[in-house]
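Raw contents of my_file-v9.cif, mmCIF, C-alpha atoms:
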data_target
#
loop_
_atom_site.label_atom_id
_atom_site.label_comp_id
_atom_site.auth_asym_id
_atom_site.auth_seq_id
_atom_site.Cartn_x
_atom_site.Cartn_y
_atom_site.Cartn_z
CA MET A 1165 160.18 91.37 32.41
CA SER A 1166 160.07 92.95 28.98
CA CYS A 1167 156.91 93.08 26.90
CA ARG A 1168 157.33 92.34 23.15
CA GLN A 1169 155.40 94.73 20.93
CA ASP A 1170 154.38 93.76 17.44
CA PRO A 1171 156.02 96.25 15.03
CA ASP A 1172 152.97 96.14 12.78
CA PRO A 1173 149.78 97.14 14.65
CA PHE A 1174 147.63 95.79 11.79
CA ASN A 1175 149.19 92.33 11.77
CA LEU A 1176 146.40 90.82 13.88
CA GLU A 1177 143.76 92.18 11.48
CA ARG A 1178 145.57 90.76 8.48
CA GLU A 1179 145.80 87.36 10.16
CA LEU A 1180 142.07 87.35 10.97
CA PHE A 1181 140.65 88.71 7.73
CA GLY A 1182 143.38 88.49 5.13
CA PRO A 1183 144.85 91.41 3.20
CA SER A 1184 142.08 91.62 0.63
CA ASP A 1185 139.23 91.67 3.18
CA SER A 1186 140.59 94.23 5.60
CA TRP A 1187 140.46 97.92 5.10
CA TYR A 1188 144.25 97.83 5.18
CA GLY A 1189 144.41 95.97 1.87
CA TYR A 1190 141.14 97.25 0.45
CA SER A 1191 141.13 98.36 -3.19
CA VAL A 1192 138.49 99.96 -5.40
CA ALA A 1193 138.74 97.13 -7.90
CA ASP A 1194 137.84 94.61 -5.21
CA SER A 1195 134.52 96.37 -4.52
CA ALA A 1196 133.29 96.30 -8.15
CA PRO A 1197 130.25 94.03 -8.54
CA HIS A 1198 130.71 90.93 -10.60
CA VAL A 1199 128.84 91.21 -13.88
CA PRO A 1200 128.30 87.88 -15.62
CA PRO A 1201 129.08 87.86 -19.33
CA GLU A 1202 126.10 88.40 -21.59
CA SER A 1203 124.85 85.06 -22.77
CA PRO A 1204 124.17 84.73 -26.48
CA SER A 1205 120.64 84.26 -27.78
CA PRO A 1206 119.53 80.63 -27.34
CA TYR A 1207 118.13 80.67 -30.88
CA PRO A 1208 120.58 82.65 -33.04
CA GLN A 1209 119.26 81.21 -36.31
CA ARG A 1210 115.66 82.19 -35.51
CA GLU A 1211 116.78 85.68 -34.53
CA ALA A 1212 118.73 85.99 -37.79
CA LEU A 1213 115.65 85.04 -39.84
CA VAL A 1214 113.49 87.55 -37.98
CA ALA A 1215 116.14 90.25 -38.47
CA THR A 1216 116.20 89.44 -42.21
CA ALA A 1217 112.42 89.87 -42.41
CA GLU A 1218 112.62 93.21 -40.59
CA LEU A 1219 115.39 94.45 -42.89
CA LEU A 1220 113.38 93.48 -45.98
CA ALA A 1221 110.29 95.19 -44.57
CA LYS A 1222 112.30 98.37 -43.94
CA ILE A 1223 113.58 98.37 -47.52
CA LEU A 1224 110.08 97.91 -48.92
CA ASP A 1225 108.18 100.27 -46.60
CA THR A 1226 110.29 102.70 -44.58
CA THR A 1227 113.58 103.38 -46.32
CA VAL A 1228 113.32 107.18 -46.51
CA LYS A 1229 111.22 109.64 -44.49
CA ILE A 1230 109.12 112.05 -46.54
CA PRO A 1231 110.27 115.57 -45.54
CA GLY A 1232 107.78 117.52 -43.49
CA THR A 1233 105.54 114.50 -42.83
CA PRO A 1234 105.50 111.60 -40.35
CA PHE A 1235 105.39 109.12 -43.24
CA TYR A 1236 108.13 106.96 -44.70
CA ILE A 1237 108.46 105.65 -48.22
CA GLY A 1238 110.14 102.50 -49.42
CA LEU A 1239 110.65 100.43 -52.53
CA ASP A 1240 107.05 99.12 -52.60
CA PRO A 1241 105.24 102.35 -53.54
CA LEU A 1242 108.04 103.26 -55.94
CA LEU A 1243 107.66 99.94 -57.74
CA GLY A 1244 103.92 100.56 -57.78
CA LEU A 1245 104.53 103.49 -60.11
CA ILE A 1246 105.53 101.02 -62.83
CA PRO A 1247 102.27 100.18 -64.65
CA GLY A 1248 101.24 96.55 -64.63
CA VAL A 1249 104.26 94.77 -63.21
CA GLY A 1250 105.24 97.09 -60.35
CA ASP A 1251 102.69 95.93 -57.79
CA VAL A 1252 103.16 92.29 -58.76
CA LEU A 1253 106.92 92.59 -58.31
CA ALA A 1254 106.52 94.26 -54.90
CA SER A 1255 104.13 91.52 -53.77
CA LEU A 1256 106.54 88.81 -54.92
CA ILE A 1257 109.34 90.39 -52.91
CA GLY A 1258 107.01 90.62 -49.92
CA THR A 1259 106.32 86.88 -50.06
CA VAL A 1260 109.89 86.32 -48.88
CA ILE A 1261 108.67 87.33 -45.41
CA LEU A 1262 105.98 84.64 -45.67
CA ILE A 1263 108.64 82.09 -46.59
CA LEU A 1264 110.68 83.09 -43.55
CA ALA A 1265 107.55 82.71 -41.40
CA ALA A 1266 107.03 79.20 -42.74
CA ARG A 1267 110.65 78.32 -41.96
CA LEU A 1268 110.13 79.53 -38.40
CA ASP A 1269 107.02 77.36 -38.03
CA VAL A 1270 104.80 80.20 -36.86
CA PRO A 1271 101.08 79.36 -36.41
CA GLN A 1272 99.01 79.10 -39.57
CA ILE A 1273 96.64 81.82 -38.42
CA VAL A 1274 99.59 84.24 -38.34
CA ILE A 1275 100.67 83.27 -41.86
CA THR A 1276 97.07 83.77 -42.96
CA ARG A 1277 96.99 87.26 -41.49
CA MET A 1278 100.28 88.06 -43.20
CA SER A 1279 98.95 86.77 -46.53
CA VAL A 1280 95.82 88.90 -46.17
CA ASN A 1281 97.94 91.99 -45.50
CA LEU A 1282 99.89 91.28 -48.66
CA LEU A 1283 96.68 90.70 -50.61
CA ILE A 1284 95.17 93.98 -49.43
CA ASN A 1285 98.31 95.88 -50.36
CA GLY A 1286 98.49 94.26 -53.79
CA THR A 1287 94.78 94.74 -54.55
CA ILE A 1288 94.41 98.37 -53.52
CA GLY A 1289 97.96 99.17 -54.63
CA ALA A 1290 96.97 98.32 -58.20
CA ILE A 1291 94.81 101.46 -58.29
CA PRO A 1292 96.91 104.20 -59.92
CA ILE A 1293 98.14 106.96 -57.59
CA LEU A 1294 95.62 106.20 -54.83
CA GLY A 1295 97.02 102.69 -54.47
CA ASP A 1296 100.54 104.01 -54.05
CA LEU A 1297 99.39 106.45 -51.37
CA PHE A 1298 97.63 103.58 -49.62
CA SER A 1299 100.83 101.51 -49.67
CA VAL A 1300 102.71 104.36 -48.01
CA TRP A 1301 100.13 104.44 -45.21
CA PHE A 1302 99.34 100.72 -44.84
CA ARG A 1303 102.94 99.38 -44.84
CA SER A 1304 101.94 95.75 -45.21
CA HIS A 1305 105.50 94.44 -45.06
CA ALA A 1306 106.25 96.23 -41.79
CA ARG A 1307 103.00 94.81 -40.36
CA ASN A 1308 104.02 91.33 -41.45
CA ALA A 1309 107.50 91.66 -39.96
CA GLU A 1310 105.94 92.71 -36.64
CA LEU A 1311 103.55 89.75 -36.72
CA LEU A 1312 106.48 87.46 -37.49
CA ARG A 1313 108.58 88.74 -34.58
CA ARG A 1314 105.74 88.40 -32.09
CA ALA A 1315 104.88 84.89 -33.27
CA ALA A 1316 108.51 83.75 -33.34
CA THR A 1317 109.53 85.12 -29.94
CA GLN A 1318 106.36 84.85 -27.86
CA PRO A 1319 103.90 82.02 -27.21
CA TYR A 1320 100.93 82.39 -29.52
CA ARG A 1321 97.45 81.17 -28.68
CA GLU A 1322 94.90 81.09 -31.46
CA THR A 1323 91.69 82.82 -30.40
CA GLN A 1324 88.20 83.23 -31.80
CA GLN A 1325 88.91 86.93 -32.19
CA ALA A 1326 91.92 86.20 -34.42
CA ARG A 1327 89.85 83.89 -36.62
CA LEU A 1328 87.05 86.46 -36.92
CA TYR A 1329 89.61 89.14 -37.76
CA VAL A 1330 91.05 87.06 -40.61
CA ALA A 1331 87.58 86.16 -41.92
CA GLY A 1332 86.50 89.80 -41.85
CA ILE A 1333 89.64 90.98 -43.60
CA ILE A 1334 89.26 88.34 -46.32
CA ALA A 1335 85.63 89.29 -46.88
CA GLY A 1336 86.51 92.97 -47.02
CA THR A 1337 89.33 92.30 -49.45
CA VAL A 1338 87.03 90.34 -51.77
CA VAL A 1339 84.52 93.21 -51.72
CA LEU A 1340 87.26 95.72 -52.51
CA LEU A 1341 88.53 93.54 -55.33
CA VAL A 1342 85.06 93.27 -56.84
CA LEU A 1343 84.56 97.02 -56.57
CA ALA A 1344 87.95 97.66 -58.15
CA ILE A 1345 87.15 95.35 -61.08
CA ALA A 1346 83.74 97.01 -61.49
CA ALA A 1347 85.37 100.45 -61.48
CA VAL A 1348 87.89 99.41 -64.13
CA LEU A 1349 85.12 97.95 -66.33
CA TRP A 1350 83.06 101.13 -65.92
CA ILE A 1351 86.02 103.30 -66.97
CA VAL A 1352 86.72 101.04 -69.97
CA MET A 1353 83.07 101.22 -71.07
CA LYS A 1354 83.02 105.01 -70.77
CA LEU A 1355 86.21 105.34 -72.79
CA TRP A 1356 84.81 102.94 -75.40
CA ALA A 1357 81.66 105.01 -75.66
CA ILE A 1358 83.60 108.25 -76.03
CA MET A 1359 85.96 106.88 -78.68
CA PHE A 1360 83.54 104.94 -80.87
CA LEU A 1361 80.16 106.62 -80.41
#

Any chance you could give the structure as structure tokens?
Amino acid sequence: MSCRQDPDPFNLERELFGPSDSWYGYSVADSAPHVPPESPSPYPQREALVATAELLAKILDTTVKIPGTPFYIGLDPLLGLIPGVGDVLASLIGTVILILAARLDVPQIVITRMSVNLLINGTIGAIPILGDLFSVWFRSHARNAELLRRAATQPYRETQQARLYVAGIIAGTVVLLVLAIAAVLWIVMKLWAIMFL
């Protein structure tokens, strides 16, 4: 009696596991983990508005780094060098970020904080030289863009601390504004006295 021998010793393994599952038919490509395609952002329009606010803030506050310092300078302090209209123009451009925040329906307390930042920058920025240096340090537009991103991408819960912060900032801004007006009046009176007395 003759015994029939299978010419392919791996035939039984291929029949049990299939060519792709056995080490006989194993390939490197088969072992690569499956990576699902990256899903797009569920809110592309909101992300685009936030990105626009961040780009505008970069143009106004951090366009160019000052050599030898950790500070950046943007269009805002440069516009502030124009007497009279420079700070007003910079503040008007900065309100675009507030408009974007309103379109994104961020909480009113966040818009209030952003408005106060803009008010502080515009009030102190009106002081010649010192105001421009303050704008370089304070970077109100970058602060507002950061507030906008957090409010637009994370759940926001209004707290007593946030309300007290806004109230304190408003009070401080009013005091600074009064002091600035008093300083300007004092300078005008001194110049008047020197010129006409």

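In this model, the gap between CA of Ala1309 (chain A) and CA of Leu1343 (chain A) comes to 28.8 Å.
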
Exercise. Carefully work through the PyMOL selection byres ((chain A and resi 1282-1294) around 7) for this structure and note down the residues it includes, as a PyMOL selection string.
Key: chain A and resi 1244+1251+1255+1278-1281+1295-1299+1304+1337+1341

For the residues in the current selection, export C-alpha atoms as a short mmCIF file (atom, residue, chain, number, x, y, z; two decimals), keeping the file's coordinate frame.
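part_3.cif was written with the following content:
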data_model
loop_
_atom_site.label_atom_id
_atom_site.label_comp_id
_atom_site.auth_asym_id
_atom_site.auth_seq_id
_atom_site.Cartn_x
_atom_site.Cartn_y
_atom_site.Cartn_z
CA GLY A 1244 103.92 100.56 -57.78
CA ASP A 1251 102.69 95.93 -57.79
CA SER A 1255 104.13 91.52 -53.77
CA MET A 1278 100.28 88.06 -43.20
CA SER A 1279 98.95 86.77 -46.53
CA VAL A 1280 95.82 88.90 -46.17
CA ASN A 1281 97.94 91.99 -45.50
CA GLY A 1295 97.02 102.69 -54.47
CA ASP A 1296 100.54 104.01 -54.05
CA LEU A 1297 99.39 106.45 -51.37
CA PHE A 1298 97.63 103.58 -49.62
CA SER A 1299 100.83 101.51 -49.67
CA SER A 1304 101.94 95.75 -45.21
CA THR A 1337 89.33 92.30 -49.45
CA LEU A 1341 88.53 93.54 -55.33
#

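Atom to atom, CA of Ala1217 (chain A) and CA of Leu1311 (chain A) stand 10.5 Å apart.
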
Exercise. Give me the residues within 10 Å of Val1228 (chain A) as number ranges by chain, counting only C-alpha atoms and dropping any in the same chain fewer than 6 places off.
Key: A: 1222, 1235-1239

Quiz prompt | Point-to-point distance in Å for CA of Leu1312 (chain A) and CA of Ala1265 (chain A) | solution = 6.2 Å

Quiz prompt | Pick from A:Arg1267, A:Arg1277, A:Lys1229, A:Lys1354 nearest to Leu1213 (chain A), counting all atoms listed in the file | solution = A:Arg1267

Exercise. Can you give me, as a ChimeraX atom specification, the residues this file yields under the PyMOL selection byres ((chain A and resi 1305) around 7)?
Key: /A:1221,1224-1225,1258,1303-1304,1306-1309

Exercise. Within 10 Å of Arg1210 (chain A), counting only C-alpha atoms, which residues show up once you throw out same-chain ones fewer than 6 positions away? Write them as a list in words, please.
Key: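 Residues meeting the cut-off are Thr1216, Leu1264, Arg1267, Leu1268, Arg1313, Ala1316 and Thr1317 of chain A.
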
Quiz item: Looking at A:Glu1218, A:Val1252, A:Met1359, A:Pro1271, which one is nearest to Gln1318 (chain A), with distances taken over all atoms listed in the file?
Solution: A:Pro1271
